[in-house]
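Below is one structure, written out as structure tokens, with a few remarks after it.
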Amino acid sequence: MEPLRRTSPGASRWLESGLLDLEFYAALRGREFRDEAEAAEDFVELGMRERLTTHPFLDFVSLPAPTRRAWRNGRVAQVLADLAGSPTSGLSVPEHAGAARADLLELASRLGEEARGAVQSDAPLVDWSAAATRPRHDGRTSVVVVAGDARPTIRAVTSVLESAGGLDVEVVIVDRGSPAHVALALRAALREHATVRSMRVPATVSLVDAANLGVARATGDVVVLLDPRVVVRRGALGALRAPLEDASVAGVQPVVLGADDRIGSAGLVVPAEGQPPAPLLGGHPADDARRLAGQRLAAISAEAMALRAEDVIRAGGLRADQDPAAAALDLCARLLRRRTGGFRLAPSARVTLTGPQELIEPRRLPPHPLLPADPGVLDRVGFLTGDGRPGPPGPLVVTGRRRERAGQLRWSLKLPSWPGRQGDVWGDTHFADALADALRDLGDDVVTSRRGAHATGPLHLDDVSLALRGLYPIAPVAGQVNVLWVISHPDEVEPSELDGYDVVAAASVPWSARLAERSGREVVPLMQATSFEPPEEGGRRAEAPAGVLFVGNAGGTRDRPLVWKAVEAGVPLTVYGRGWEDLPAGAWHGEYVDNRRLPELYHRHGIVLADHWPDMARNGFIANRVFDAVAAGARVICDDVVGVHDVFDPRDVVVVRTAEELAAAVAELERSPRGDDVPRPPLSFSDRARTLRGLVSGR
């Protein structure tokens, strides 16, 4: 007679939780269990330590760090308490649960077979001859990612998908025998994306061989070899393809940025014969990479390489007897034999290399005898290098710059925006980019830096430091002309912030006067501005969608009462932004609109809602969106902003306070066409750039 088995308290708790799928866990373990109690006991004693999961929809990797630690230490009670207390507790059941479970069960079976040694573990070899005959799709970009840890890899692949836009993009993930929790997390997060293809190879396959396997499996005419720690920024993939239209160009890389948006690599240069390649412009603001557009480079960085698939295949891929960085350099040298025009940087294509700083610092690369030396590359783009001391040249360090014309200034615009993809969508970022372009149109050199990098990089190159004061204060820089321009959040600004600034401006006439009185300093009224213009065809299109337009995020500290007044009034709405789950059906049209699309979108709708932070409205800071919409040929309904009609005609900008007033304003604007005879203030960033240029002249 079989003895009675006692189930441990932890196993009993797990059984009671309903989180055990016996078939799935048995497949993952590669063995059979007599019943659920035995499986739960096995999980508590062994599975938790190995980061296994008992259910296809309970993903270990997606759990918070404290819960993952408790899981690995077998603390069942804490894990279950954490799951119960989380808003995303328990199982994350996908929309098509049956298909998802079947897919994850198939992977679990494969992982279980690997665990018990039932899967052939010989490393697959690349048949380059067969790869050369594989049909490829012209215009398709295949991004090859050799999987690393689950979270960074998922983040990298997701960024590729989000940056693809309308491009034909596929992602090939090569999983080198990753642990079960990583493999399952990758599959769960990415399985529903039709353009993501995964292949699993043994852990014995090297990183280089894995990348080669991904290239051989890819179907695009261009392949991008992407480090799994890299986050691709919007628009990067299209910009990477453009230089490859020149048949002499061997390959392209984006600007590789660090976590603070300073440059990690803008291409590689060999400073002198026999010296190792070094990254260009390390530590510089990303805008300095603009100078390298069209310049021939000796090689490109391994973190993100865009190459023609046929070239990589004909070259036999990356050399398997080298580490990834050395193999990438060697591939660059071999591709130069075929494409004599060298490599290029795509300055508008930006990616961020993520991870602990000590792990992403540039490593010293080995010399390569076939890579050409080019000590003059920075001199050609207007930078001075070297310290003037005798001896062989070292890595190219920028010591100064040449002015392209007499009186040319270098402006450093300091933004309150966060670095990375998060800050890319801030209004302050678009504002600074437009102002930078306007200053460049005047012949000046301009760079931008975001929060966390204001006091770093080659500050000795700058003439003017312009702080755009939004959510956060920004310190002046010694030895430069310092300009403070308060564009939002005036209640946060204290008179002491003006210390150290040579010029102070603010985007409000009444508040400028009050701050001048409080501080005893001159404060120049300098309104916000726009770079938008109406579309060339003029007039609203016949197919203009119904509904007043609003673009902006909700949630957090933004209540957006103007939108809810429109809902209350029954006004048809078209809303773009995050956090709008509670809108009426059909009102929400997406989380994000590319800033380049906004002029056309404003123009088509014709009526735009623009709300303000309470302190901005109270102090007369007219939002940038009002300038944008009016310049694009639309009219605006906004909340009560002090002095708004001292700047804008009431026929262009209507102030409302209630839902009834909003409904009446919409009806009136729909009845009356936009008049060309309405007086409008200077709206453009070109106007603001000329004013700023005048304010700093002679200082």
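Letters A, B, ... go to the chains of the structure tokens in the order shown; residues in each chain start at 1; ligands are counted from 1 in the same order.
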
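Non-sequential neighbours of Ala554 (chain A) (distance at most 12 Å, separation of 5 or more positions within a chain, only C-alpha atoms) are Asp559, Arg560, Pro561, Leu562, Val563, Trp564, Val575, Tyr576, Gly577, Arg578, Gly579, Trp580, Glu581, Asp582, Leu583, Trp588, Glu591 and Asp611 of chain A.
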
Keeping only N, CA and C atoms, take the residues you just selected and write them out as a CSV table (one decimal), in the first residue's frame.
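again15.csv, freshly written:
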```
chain,number,residue,atom,x,y,z
A,559,ASP,N,-5.9,67.0,-15.5
A,559,ASP,CA,-7.3,66.6,-15.5
A,559,ASP,C,-8.0,66.9,-16.9
A,560,ARG,N,-7.4,67.8,-17.7
A,560,ARG,CA,-8.0,68.1,-19.0
A,560,ARG,C,-9.5,68.4,-18.9
A,561,PRO,N,-9.9,69.4,-18.1
A,561,PRO,CA,-11.3,69.7,-18.0
A,561,PRO,C,-12.0,70.2,-19.3
A,562,LEU,N,-11.2,70.8,-20.2
A,562,LEU,CA,-11.8,71.3,-21.4
A,562,LEU,C,-12.3,70.1,-22.3
A,563,VAL,N,-11.6,69.0,-22.3
A,563,VAL,CA,-12.1,67.9,-23.0
A,563,VAL,C,-13.4,67.3,-22.4
A,564,TRP,N,-13.4,67.3,-21.1
A,564,TRP,CA,-14.6,66.7,-20.5
A,564,TRP,C,-15.8,67.7,-20.6
A,575,VAL,N,-9.5,62.6,-30.4
A,575,VAL,CA,-8.5,62.8,-29.4
A,575,VAL,C,-7.4,61.8,-29.6
A,576,TYR,N,-6.1,62.4,-29.5
A,576,TYR,CA,-4.9,61.6,-29.6
A,576,TYR,C,-4.2,61.8,-28.3
A,577,GLY,N,-3.6,60.7,-27.7
A,577,GLY,CA,-2.9,60.8,-26.5
A,577,GLY,C,-3.1,59.6,-25.6
A,578,ARG,N,-2.3,59.5,-24.5
A,578,ARG,CA,-2.4,58.4,-23.6
A,578,ARG,C,-3.4,58.7,-22.4
A,579,GLY,N,-4.0,57.7,-21.9
A,579,GLY,CA,-4.8,57.9,-20.7
A,579,GLY,C,-6.2,58.2,-20.9
A,580,TRP,N,-6.7,58.0,-22.1
A,580,TRP,CA,-8.1,58.4,-22.4
A,580,TRP,C,-9.1,57.2,-22.5
A,581,GLU,N,-8.9,56.2,-21.6
A,581,GLU,CA,-9.7,55.0,-21.6
A,581,GLU,C,-11.2,55.3,-21.4
A,582,ASP,N,-11.5,56.4,-20.7
A,582,ASP,CA,-12.9,56.7,-20.3
A,582,ASP,C,-13.7,57.6,-21.3
A,583,LEU,N,-13.1,57.9,-22.5
A,583,LEU,CA,-13.8,58.7,-23.5
A,583,LEU,C,-14.9,57.9,-24.1
A,588,TRP,N,-11.4,58.4,-29.2
A,588,TRP,CA,-10.0,58.2,-29.1
A,588,TRP,C,-9.4,57.6,-30.4
A,591,GLU,N,-2.5,56.8,-29.4
A,591,GLU,CA,-1.7,57.3,-28.4
A,591,GLU,C,-0.7,58.4,-28.8
A,611,ASP,N,-5.8,73.4,-23.9
A,611,ASP,CA,-6.0,73.8,-22.5
A,611,ASP,C,-4.6,74.2,-21.9
```

Check region 491-534 of chain A with DSSP on the backbone and list each residue it calls helix (DSSP H, G or I), as a PyMOL selection string. chain A and resi 491-492+495-498+509-519

Same residues, N, CA and C atoms, output as a PDB file, in the first residue's frame:
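The resulting result02.pdb:
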```pdb
ATOM      1  N   ASP A 491       4.635  79.460 -11.561  1.00  0.00           N
ATOM      2  CA  ASP A 491       4.544  79.427 -10.098  1.00  0.00           C
ATOM      3  C   ASP A 491       5.763  78.782  -9.456  1.00  0.00           C
ATOM      4  N   GLU A 492       6.514  77.992 -10.238  1.00  0.00           N
ATOM      5  CA  GLU A 492       7.686  77.308  -9.689  1.00  0.00           C
ATOM      6  C   GLU A 492       8.935  78.178  -9.712  1.00  0.00           C
ATOM      7  N   PRO A 495      12.567  84.408  -7.798  1.00  0.00           N
ATOM      8  CA  PRO A 495      13.502  85.435  -8.285  1.00  0.00           C
ATOM      9  C   PRO A 495      14.971  85.034  -8.151  1.00  0.00           C
ATOM     10  N   SER A 496      15.294  84.204  -7.168  1.00  0.00           N
ATOM     11  CA  SER A 496      16.693  83.791  -6.995  1.00  0.00           C
ATOM     12  C   SER A 496      17.202  82.980  -8.181  1.00  0.00           C
ATOM     13  N   GLU A 497      16.303  82.368  -8.948  1.00  0.00           N
ATOM     14  CA  GLU A 497      16.729  81.604 -10.129  1.00  0.00           C
ATOM     15  C   GLU A 497      17.380  82.480 -11.183  1.00  0.00           C
ATOM     16  N   LEU A 498      17.121  83.776 -11.144  1.00  0.00           N
ATOM     17  CA  LEU A 498      17.641  84.675 -12.162  1.00  0.00           C
ATOM     18  C   LEU A 498      19.121  84.969 -11.969  1.00  0.00           C
ATOM     19  N   VAL A 509       3.377  88.556 -21.122  1.00  0.00           N
ATOM     20  CA  VAL A 509       3.581  89.996 -20.908  1.00  0.00           C
ATOM     21  C   VAL A 509       3.301  90.377 -19.460  1.00  0.00           C
ATOM     22  N   PRO A 510       2.131  90.023 -18.896  1.00  0.00           N
ATOM     23  CA  PRO A 510       1.869  90.465 -17.514  1.00  0.00           C
ATOM     24  C   PRO A 510       2.817  89.843 -16.503  1.00  0.00           C
ATOM     25  N   TRP A 511       3.162  88.573 -16.672  1.00  0.00           N
ATOM     26  CA  TRP A 511       4.038  87.928 -15.687  1.00  0.00           C
ATOM     27  C   TRP A 511       5.454  88.481 -15.784  1.00  0.00           C
ATOM     28  N   SER A 512       5.905  88.821 -16.974  1.00  0.00           N
ATOM     29  CA  SER A 512       7.233  89.418 -17.126  1.00  0.00           C
ATOM     30  C   SER A 512       7.322  90.697 -16.308  1.00  0.00           C
ATOM     31  N   ALA A 513       6.273  91.502 -16.358  1.00  0.00           N
ATOM     32  CA  ALA A 513       6.273  92.753 -15.597  1.00  0.00           C
ATOM     33  C   ALA A 513       6.317  92.474 -14.099  1.00  0.00           C
ATOM     34  N   ARG A 514       5.553  91.482 -13.637  1.00  0.00           N
ATOM     35  CA  ARG A 514       5.543  91.167 -12.206  1.00  0.00           C
ATOM     36  C   ARG A 514       6.890  90.625 -11.743  1.00  0.00           C
ATOM     37  N   LEU A 515       7.508  89.738 -12.551  1.00  0.00           N
ATOM     38  CA  LEU A 515       8.805  89.194 -12.159  1.00  0.00           C
ATOM     39  C   LEU A 515       9.861  90.281 -12.151  1.00  0.00           C
ATOM     40  N   ALA A 516       9.796  91.219 -13.089  1.00  0.00           N
ATOM     41  CA  ALA A 516      10.758  92.324 -13.100  1.00  0.00           C
ATOM     42  C   ALA A 516      10.629  93.153 -11.825  1.00  0.00           C
ATOM     43  N   GLU A 517       9.392  93.369 -11.399  1.00  0.00           N
ATOM     44  CA  GLU A 517       9.173  94.149 -10.178  1.00  0.00           C
ATOM     45  C   GLU A 517       9.684  93.398  -8.950  1.00  0.00           C
ATOM     46  N   ARG A 518       9.469  92.081  -8.909  1.00  0.00           N
ATOM     47  CA  ARG A 518       9.908  91.290  -7.753  1.00  0.00           C
ATOM     48  C   ARG A 518      11.420  91.145  -7.689  1.00  0.00           C
ATOM     49  N   SER A 519      12.052  91.041  -8.844  1.00  0.00           N
ATOM     50  CA  SER A 519      13.489  90.721  -8.867  1.00  0.00           C
ATOM     51  C   SER A 519      14.380  91.928  -9.048  1.00  0.00           C
TER      52      SER A 519
END
```

Do you know which residues are at most 9 Å from region 624-628 of chain A counting only C-alpha atoms, after dropping those on the same chain fewer than 5 positions away, and could you put them as a list in words? Gly427, Phe431, Met527, Gln528, Ala529, Thr530, Ser531, Phe532, Glu533, Leu598, Pro599, Tyr602, Val608, Leu609, Ala610, Asp611, Gly633, Ala634, Arg635, Val636, Ile637, Cys638, Val653, Leu683 and Ser684 of chain A

Can those selected residues be exported to a file as a PDB file, in the first residue's frame so that it contains N, CA and C atoms?
```
ATOM      1  N   GLY A 427       6.417  68.210 -25.337  1.00  0.00           N
ATOM      2  CA  GLY A 427       6.263  69.450 -26.084  1.00  0.00           C
ATOM      3  C   GLY A 427       7.504  70.315 -26.015  1.00  0.00           C
ATOM      4  N   PHE A 431       9.540  72.041 -29.075  1.00  0.00           N
ATOM      5  CA  PHE A 431       9.780  73.480 -28.987  1.00  0.00           C
ATOM      6  C   PHE A 431      11.259  73.777 -29.222  1.00  0.00           C
ATOM      7  N   MET A 527       7.066  85.653 -26.324  1.00  0.00           N
ATOM      8  CA  MET A 527       5.996  84.670 -26.380  1.00  0.00           C
ATOM      9  C   MET A 527       6.484  83.363 -26.999  1.00  0.00           C
ATOM     10  N   GLN A 528       5.682  82.305 -26.762  1.00  0.00           N
ATOM     11  CA  GLN A 528       5.975  81.046 -27.435  1.00  0.00           C
ATOM     12  C   GLN A 528       5.769  81.230 -28.937  1.00  0.00           C
ATOM     13  N   ALA A 529       5.996  80.173 -29.716  1.00  0.00           N
ATOM     14  CA  ALA A 529       6.013  80.339 -31.172  1.00  0.00           C
ATOM     15  C   ALA A 529       5.722  79.011 -31.848  1.00  0.00           C
ATOM     16  N   THR A 530       5.820  79.010 -33.167  1.00  0.00           N
ATOM     17  CA  THR A 530       5.520  77.802 -33.940  1.00  0.00           C
ATOM     18  C   THR A 530       6.400  77.744 -35.176  1.00  0.00           C
ATOM     19  N   SER A 531       6.577  76.530 -35.664  1.00  0.00           N
ATOM     20  CA  SER A 531       7.229  76.334 -36.959  1.00  0.00           C
ATOM     21  C   SER A 531       6.231  75.846 -37.996  1.00  0.00           C
ATOM     22  N   PHE A 532       4.948  75.788 -37.625  1.00  0.00           N
ATOM     23  CA  PHE A 532       3.925  75.237 -38.509  1.00  0.00           C
ATOM     24  C   PHE A 532       3.480  76.261 -39.552  1.00  0.00           C
ATOM     25  N   GLU A 533       3.033  75.729 -40.685  1.00  0.00           N
ATOM     26  CA  GLU A 533       2.420  76.525 -41.745  1.00  0.00           C
ATOM     27  C   GLU A 533       1.237  75.738 -42.290  1.00  0.00           C
ATOM     28  N   LEU A 598       1.136  67.059 -37.398  1.00  0.00           N
ATOM     29  CA  LEU A 598       0.186  67.921 -36.712  1.00  0.00           C
ATOM     30  C   LEU A 598      -0.326  69.083 -37.561  1.00  0.00           C
ATOM     31  N   PRO A 599       0.520  69.783 -38.341  1.00  0.00           N
ATOM     32  CA  PRO A 599      -0.047  70.896 -39.130  1.00  0.00           C
ATOM     33  C   PRO A 599      -1.189  70.461 -40.031  1.00  0.00           C
ATOM     34  N   TYR A 602      -4.269  69.574 -37.787  1.00  0.00           N
ATOM     35  CA  TYR A 602      -4.949  70.787 -37.325  1.00  0.00           C
ATOM     36  C   TYR A 602      -5.762  71.417 -38.465  1.00  0.00           C
ATOM     37  N   VAL A 608      -9.484  73.326 -32.935  1.00  0.00           N
ATOM     38  CA  VAL A 608      -8.570  72.621 -32.038  1.00  0.00           C
ATOM     39  C   VAL A 608      -8.826  73.081 -30.605  1.00  0.00           C
ATOM     40  N   LEU A 609      -8.903  72.130 -29.685  1.00  0.00           N
ATOM     41  CA  LEU A 609      -8.970  72.460 -28.256  1.00  0.00           C
ATOM     42  C   LEU A 609      -7.555  72.631 -27.722  1.00  0.00           C
ATOM     43  N   ALA A 610      -7.339  73.669 -26.922  1.00  0.00           N
ATOM     44  CA  ALA A 610      -6.030  73.891 -26.290  1.00  0.00           C
ATOM     45  C   ALA A 610      -6.265  74.291 -24.845  1.00  0.00           C
ATOM     46  N   ASP A 611      -5.831  73.445 -23.918  1.00  0.00           N
ATOM     47  CA  ASP A 611      -5.984  73.783 -22.511  1.00  0.00           C
ATOM     48  C   ASP A 611      -4.636  74.179 -21.919  1.00  0.00           C
ATOM     49  N   GLY A 633      -3.600  77.108 -39.792  1.00  0.00           N
ATOM     50  CA  GLY A 633      -4.838  77.425 -40.482  1.00  0.00           C
ATOM     51  C   GLY A 633      -6.083  76.994 -39.755  1.00  0.00           C
ATOM     52  N   ALA A 634      -5.958  76.650 -38.479  1.00  0.00           N
ATOM     53  CA  ALA A 634      -7.120  76.257 -37.681  1.00  0.00           C
ATOM     54  C   ALA A 634      -7.494  77.394 -36.741  1.00  0.00           C
ATOM     55  N   ARG A 635      -8.626  77.212 -36.063  1.00  0.00           N
ATOM     56  CA  ARG A 635      -9.010  78.114 -34.981  1.00  0.00           C
ATOM     57  C   ARG A 635      -9.064  77.320 -33.684  1.00  0.00           C
ATOM     58  N   VAL A 636      -8.989  78.056 -32.579  1.00  0.00           N
ATOM     59  CA  VAL A 636      -8.746  77.422 -31.286  1.00  0.00           C
ATOM     60  C   VAL A 636      -9.848  77.773 -30.303  1.00  0.00           C
ATOM     61  N   ILE A 637     -10.265  76.769 -29.542  1.00  0.00           N
ATOM     62  CA  ILE A 637     -11.104  76.986 -28.366  1.00  0.00           C
ATOM     63  C   ILE A 637     -10.235  76.680 -27.158  1.00  0.00           C
ATOM     64  N   CYS A 638     -10.084  77.637 -26.264  1.00  0.00           N
ATOM     65  CA  CYS A 638      -9.196  77.420 -25.113  1.00  0.00           C
ATOM     66  C   CYS A 638      -9.869  77.875 -23.832  1.00  0.00           C
ATOM     67  N   VAL A 653      -9.133  82.728 -31.688  1.00  0.00           N
ATOM     68  CA  VAL A 653      -9.025  82.018 -30.411  1.00  0.00           C
ATOM     69  C   VAL A 653     -10.220  82.410 -29.545  1.00  0.00           C
ATOM     70  N   LEU A 683       4.185  84.755 -35.381  1.00  0.00           N
ATOM     71  CA  LEU A 683       3.991  83.447 -34.761  1.00  0.00           C
ATOM     72  C   LEU A 683       5.226  82.565 -34.792  1.00  0.00           C
ATOM     73  N   SER A 684       6.198  82.850 -35.639  1.00  0.00           N
ATOM     74  CA  SER A 684       7.215  81.858 -35.973  1.00  0.00           C
ATOM     75  C   SER A 684       8.406  81.865 -35.022  1.00  0.00           C
TER      76      SER A 684
END
```

What's around Glu273 (chain A) at 8 Å? Count only C-alpha atoms, leave out sequence neighbours fewer than 2 positions away in its own chain, and write the answer as an NGL selection string. :A and (270-271 or 275 or 372-373)

For the residues selected in the previous step, produce a file with C-alpha atoms as an mmCIF file, in the first residue's frame.
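Printed below is again-v6.cif as written:
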```
data_model
loop_
_atom_site.group_PDB
_atom_site.id
_atom_site.type_symbol
_atom_site.label_atom_id
_atom_site.label_comp_id
_atom_site.auth_asym_id
_atom_site.auth_seq_id
_atom_site.Cartn_x
_atom_site.Cartn_y
_atom_site.Cartn_z
ATOM 1 C CA VAL A 270 41.212 55.238 -36.959
ATOM 2 C CA PRO A 271 43.280 58.205 -35.700
ATOM 3 C CA GLN A 275 45.961 52.532 -33.863
ATOM 4 C CA PRO A 372 41.967 53.196 -43.269
ATOM 5 C CA ALA A 373 43.289 55.889 -40.957
#
```

Which polymer residues have any atom within 9 Å of an atom of region 406-412 of chain A, counting only C-alpha atoms, with same-chain residues fewer than 6 positions away left out, as a list in words? Ala436, Leu439, Gly443, Asp444, Asp445, Val446, Val447, Thr448, Ser449, His454, Leu459, Leu461, Asp462, Asp463, Val464, Ser465, Leu466 and Ala467 of chain A

With C-alpha atoms retained, write the just-selected residues as an mmCIF file, in the first residue's frame.
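Once written, result_0.cif looks like this:
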```cif
data_model
loop_
_atom_site.group_PDB
_atom_site.id
_atom_site.type_symbol
_atom_site.label_atom_id
_atom_site.label_comp_id
_atom_site.auth_asym_id
_atom_site.auth_seq_id
_atom_site.Cartn_x
_atom_site.Cartn_y
_atom_site.Cartn_z
ATOM 1 C CA ALA A 436 17.280 75.237 -32.892
ATOM 2 C CA LEU A 439 18.773 79.686 -35.070
ATOM 3 C CA GLY A 443 23.749 80.802 -39.579
ATOM 4 C CA ASP A 444 24.462 79.791 -35.977
ATOM 5 C CA ASP A 445 25.575 76.439 -34.572
ATOM 6 C CA VAL A 446 23.090 74.867 -32.146
ATOM 7 C CA VAL A 447 23.079 71.843 -29.851
ATOM 8 C CA THR A 448 20.503 70.713 -27.312
ATOM 9 C CA SER A 449 20.846 68.842 -24.041
ATOM 10 C CA HIS A 454 23.178 70.229 -18.840
ATOM 11 C CA LEU A 459 30.918 73.062 -22.700
ATOM 12 C CA LEU A 461 32.699 74.976 -27.330
ATOM 13 C CA ASP A 462 29.532 76.923 -26.452
ATOM 14 C CA ASP A 463 29.042 80.699 -26.623
ATOM 15 C CA VAL A 464 25.466 80.969 -25.349
ATOM 16 C CA SER A 465 23.646 78.779 -22.839
ATOM 17 C CA LEU A 466 19.882 79.145 -23.276
ATOM 18 C CA ALA A 467 17.847 77.536 -20.497
#
```
